[in-house]
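Participant: One structure, as structure tokens, below. Some questions next.
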Amino acid sequence: MSLYEQLGGQAAVDAAVDVFYRKVLTDDRISHFFDDVDMDVQMAKQRAFLTMAFGGPNKYTGKDLRTGHSHLVKRGLNGDHFQAVAENLSATLVELKVPQPLIDQVMAIAGGARADVLGQ
Amino acid sequence: MPSVTFAGVSYAATPGEAVLDTLLRHGVPISNSCRAGACQSCLLRASAGAVPAIAQRGLKATLVEQGYFLSCSCVPEGDLTIEPAVGLEVNAAIASLERLTPTVLRARLRLPQPLAYRAGQYITLRRIDGLSRSYSLASLPTDETLELHVRLAPHGQMSGWLFNEAREGDEITLRGPAGDCFYTTGKIDQPMLLVGTGTGLAPLVGICRDALHSGHTGPIHLYHGSRTSEGLYLQDELTDLVRAHRNLHYAAILPGADTMSTHDALLGAITGAFPSLAAWRGFVCGNPPAVSMLKKKLFLRGMPAREIFSDAFLEAPRLTA
């Protein structure tokens, strides 16, 4: 059974996206990056991100992550911000009572995107 | 470089250019208004060539299958042969024009046959010369006429015409409806919050009436905000509607100070009244910054994202000379 299936697939993404986005929007370390973006557009992106981090079907490439975040890197996006998002993701999964070994796998996938997101 | 063939003539597109811009640049007149994929007034039909999916977003499946697409959102990936959209317009006549305030007009339209729509959706009006603008529907399909609330926009071409020149009986065409901001049945006891600025009230009144007609039993709270007391244009009618329905509540909100924005005033009133919105459904309509901010704040108060419906009123881009 794949990680995505163990987590609960699409239903797990549905359950996590509201919790995760609420945490991100209220985290003073990173919320300013989301001030001027449309919520529906942003939620679609969060959904795609969670699907990828959950090991699900996605079309993300390293190039997409680079170009998609380059305007944020220009605004000062750095490793601390990446860490803040990672913490919110981890806290979301804890809140949804996901077993720790699965959380570790999700965090490893998300962590693999670090260099591309930060344009390094 | 892709070429766009329209009415038998081929035009070269520049890289990244939308079909609408290619045609306008070559002097081909194509109706357009929002240029953001919402109003659907720039609809065209592709008879050959591939249309990117984004240019068909929000269109009815029947239109997609026939190759219709929004030319403002269509950056062609290869050569395209296109035709004007024909036969999609519905004829209508202006039934009445009523100035509710110096800057808000209630327009009622009469149609020769009924239009299938949901209160809160929008239609795009098209004047005889092709000028097009979108307006939300405050009426129900069971009403005799379509009801629109028109704000007099500064230098507004359509609103200026409706305010000052149009007469009862004038003929006009319309296209639509479109939009997904409307009442859905299924949870008749769910509490509902409707928040709007300016003529964002029009779809919200329609949604309220639709919910009440559908037998909604849960509380319905309507908040209307405006910069000025004059902008709170439907107070008497809404007060009457509240008297007739015990689950309907209405609040007219003005900012308490000049420095306060209308949406902050609305937010203050809502958060003061409802600490958690976890079980609620929300509808937010009006000017785009207010809609964007209010949606997020309702979400942060616990309203699930899938329960939040909205319509941000885009202004037509100013014409550049």
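By order in the structure tokens, chains are A, B, ...; within a chain, residues start at 1; ligands start at 1, following the order shown.
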Taking 3 positions as the minimum chain separation for residues in the same chain, which residues sit within 10 Å of Val19 of chain A when counting only C-alpha atoms? Answer as a ChimeraX atom specification.
Facilitator: /A:14-16,22-24,88-89,91-93,95-96 /B:300,302,304
Participant: List as a ChimeraX atom specification the protein and nucleic acid residues near Val242 of chain B, meaning an atom at most 12 Å away when only C-alpha atoms are counted, but skip any in the same chain fewer than 3 places from it.
Facilitator: /B:205,208-209,212,219-222,235-239,245-251
Participant: Using only C-alpha atoms, I'd like a table of the residues in segment 51-76 of chain A that come within 10 Å of segment 1-9 of chain A; for each, show the closest atom pair and its distance in Å rounded to one decimal, ordered by chain and ascending number, as CSV.
Facilitator:
residue,atom,partner,partner_atom,distance
A:Thr51,CA,A:Tyr4,CA,8.0
A:Met52,CA,A:Tyr4,CA,9.0
A:Ala53,CA,A:Tyr4,CA,8.8
A:Phe54,CA,A:Tyr4,CA,5.2
A:Gly55,CA,A:Tyr4,CA,5.1
A:Gly56,CA,A:Tyr4,CA,5.1
A:Pro57,CA,A:Tyr4,CA,8.6
Participant: I need the chain B residues near chain A as a PyMOL selection string; criterion: at most 12 Å, counting only C-alpha atoms.
Facilitator: chain B and resi 278+288-312
Participant: Determine which residues of segment 36-285 of chain B receive a DSSP assignment of alpha helix (DSSP H), computed from the backbone, and state them as a VMD selection string.
Facilitator: chain B and resid 61 to 65 157 to 164 201 to 213 235 to 244 262 to 273
Participant: Pick out the residues sitting within 6 Å of segment 173-181 of chain B, and hand them over as an MDAnalysis selection string; count only C-alpha atoms, and ignore anything fewer than 6 positions along from it in its own chain.
Facilitator: chainID B and resid 89:92 117 120:126 309:310
Participant: So which residues touch Ala265 of chain B within 9 Å, counting only C-alpha atoms, skipping near sequence neighbours fewer than 3 positions away, as a PyMOL selection string?
Facilitator: chain B and resi 225+253-256+260-262+268-270
Participant: Let me see the file: selected residues, N, CA and C atoms, as a PDB file, in the first residue's frame.
Facilitator:
ATOM      1  N   GLY B 225     -22.692  46.330   3.828  1.00  0.00           N
ATOM      2  CA  GLY B 225     -21.843  47.434   4.236  1.00  0.00           C
ATOM      3  C   GLY B 225     -21.685  48.458   3.130  1.00  0.00           C
ATOM      4  N   ILE B 253     -24.428  48.167   7.729  1.00  0.00           N
ATOM      5  CA  ILE B 253     -23.187  48.517   8.437  1.00  0.00           C
ATOM      6  C   ILE B 253     -22.490  49.702   7.770  1.00  0.00           C
ATOM      7  N   LEU B 254     -22.185  50.702   8.602  1.00  0.00           N
ATOM      8  CA  LEU B 254     -21.377  51.843   8.152  1.00  0.00           C
ATOM      9  C   LEU B 254     -20.080  51.859   8.965  1.00  0.00           C
ATOM     10  N   PRO B 255     -18.946  52.205   8.353  1.00  0.00           N
ATOM     11  CA  PRO B 255     -17.722  52.327   9.152  1.00  0.00           C
ATOM     12  C   PRO B 255     -17.910  53.421  10.208  1.00  0.00           C
ATOM     13  N   GLY B 256     -17.411  53.158  11.406  1.00  0.00           N
ATOM     14  CA  GLY B 256     -17.600  54.104  12.508  1.00  0.00           C
ATOM     15  C   GLY B 256     -16.723  55.338  12.386  1.00  0.00           C
ATOM     16  N   MET B 260     -11.727  53.942   8.890  1.00  0.00           N
ATOM     17  CA  MET B 260     -12.053  52.514   8.873  1.00  0.00           C
ATOM     18  C   MET B 260     -12.600  52.119   7.505  1.00  0.00           C
ATOM     19  N   SER B 261     -12.197  50.943   7.018  1.00  0.00           N
ATOM     20  CA  SER B 261     -12.731  50.481   5.741  1.00  0.00           C
ATOM     21  C   SER B 261     -14.083  49.816   5.962  1.00  0.00           C
ATOM     22  N   THR B 262     -14.874  49.747   4.891  1.00  0.00           N
ATOM     23  CA  THR B 262     -16.182  49.105   4.997  1.00  0.00           C
ATOM     24  C   THR B 262     -16.027  47.640   5.382  1.00  0.00           C
ATOM     25  N   GLY B 268     -15.929  43.495  11.898  1.00  0.00           N
ATOM     26  CA  GLY B 268     -16.114  43.760  13.322  1.00  0.00           C
ATOM     27  C   GLY B 268     -17.501  43.347  13.788  1.00  0.00           C
ATOM     28  N   ALA B 269     -18.502  43.685  12.981  1.00  0.00           N
ATOM     29  CA  ALA B 269     -19.884  43.358  13.349  1.00  0.00           C
ATOM     30  C   ALA B 269     -20.089  41.844  13.378  1.00  0.00           C
ATOM     31  N   ILE B 270     -19.516  41.148  12.396  1.00  0.00           N
ATOM     32  CA  ILE B 270     -19.715  39.698  12.289  1.00  0.00           C
ATOM     33  C   ILE B 270     -18.981  38.957  13.406  1.00  0.00           C
TER      34      ILE B 270
END
Participant: Which residues are close to Phe69 of chain B, i.e. within 7 Å by only C-alpha atoms, leaving aside same-chain residues fewer than 2 positions away? Reply as a ChimeraX atom specification.
Facilitator: /B:43-45,55-56,67,71
Participant: Taking 3 positions as the minimum chain separation for residues in the same chain, which residues sit within 10 Å of Gln157 of chain B when counting only C-alpha atoms? Answer as a ChimeraX atom specification.
Facilitator: /B:131-133,152-154,160-163,316,318
Participant: What does the structure give for the distance between atom CA of Thr199 of chain B and atom CA of Gly231 of chain B, in Å to one decimal?
Facilitator: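 Distance reported for this atom pair: 8.5 Å.
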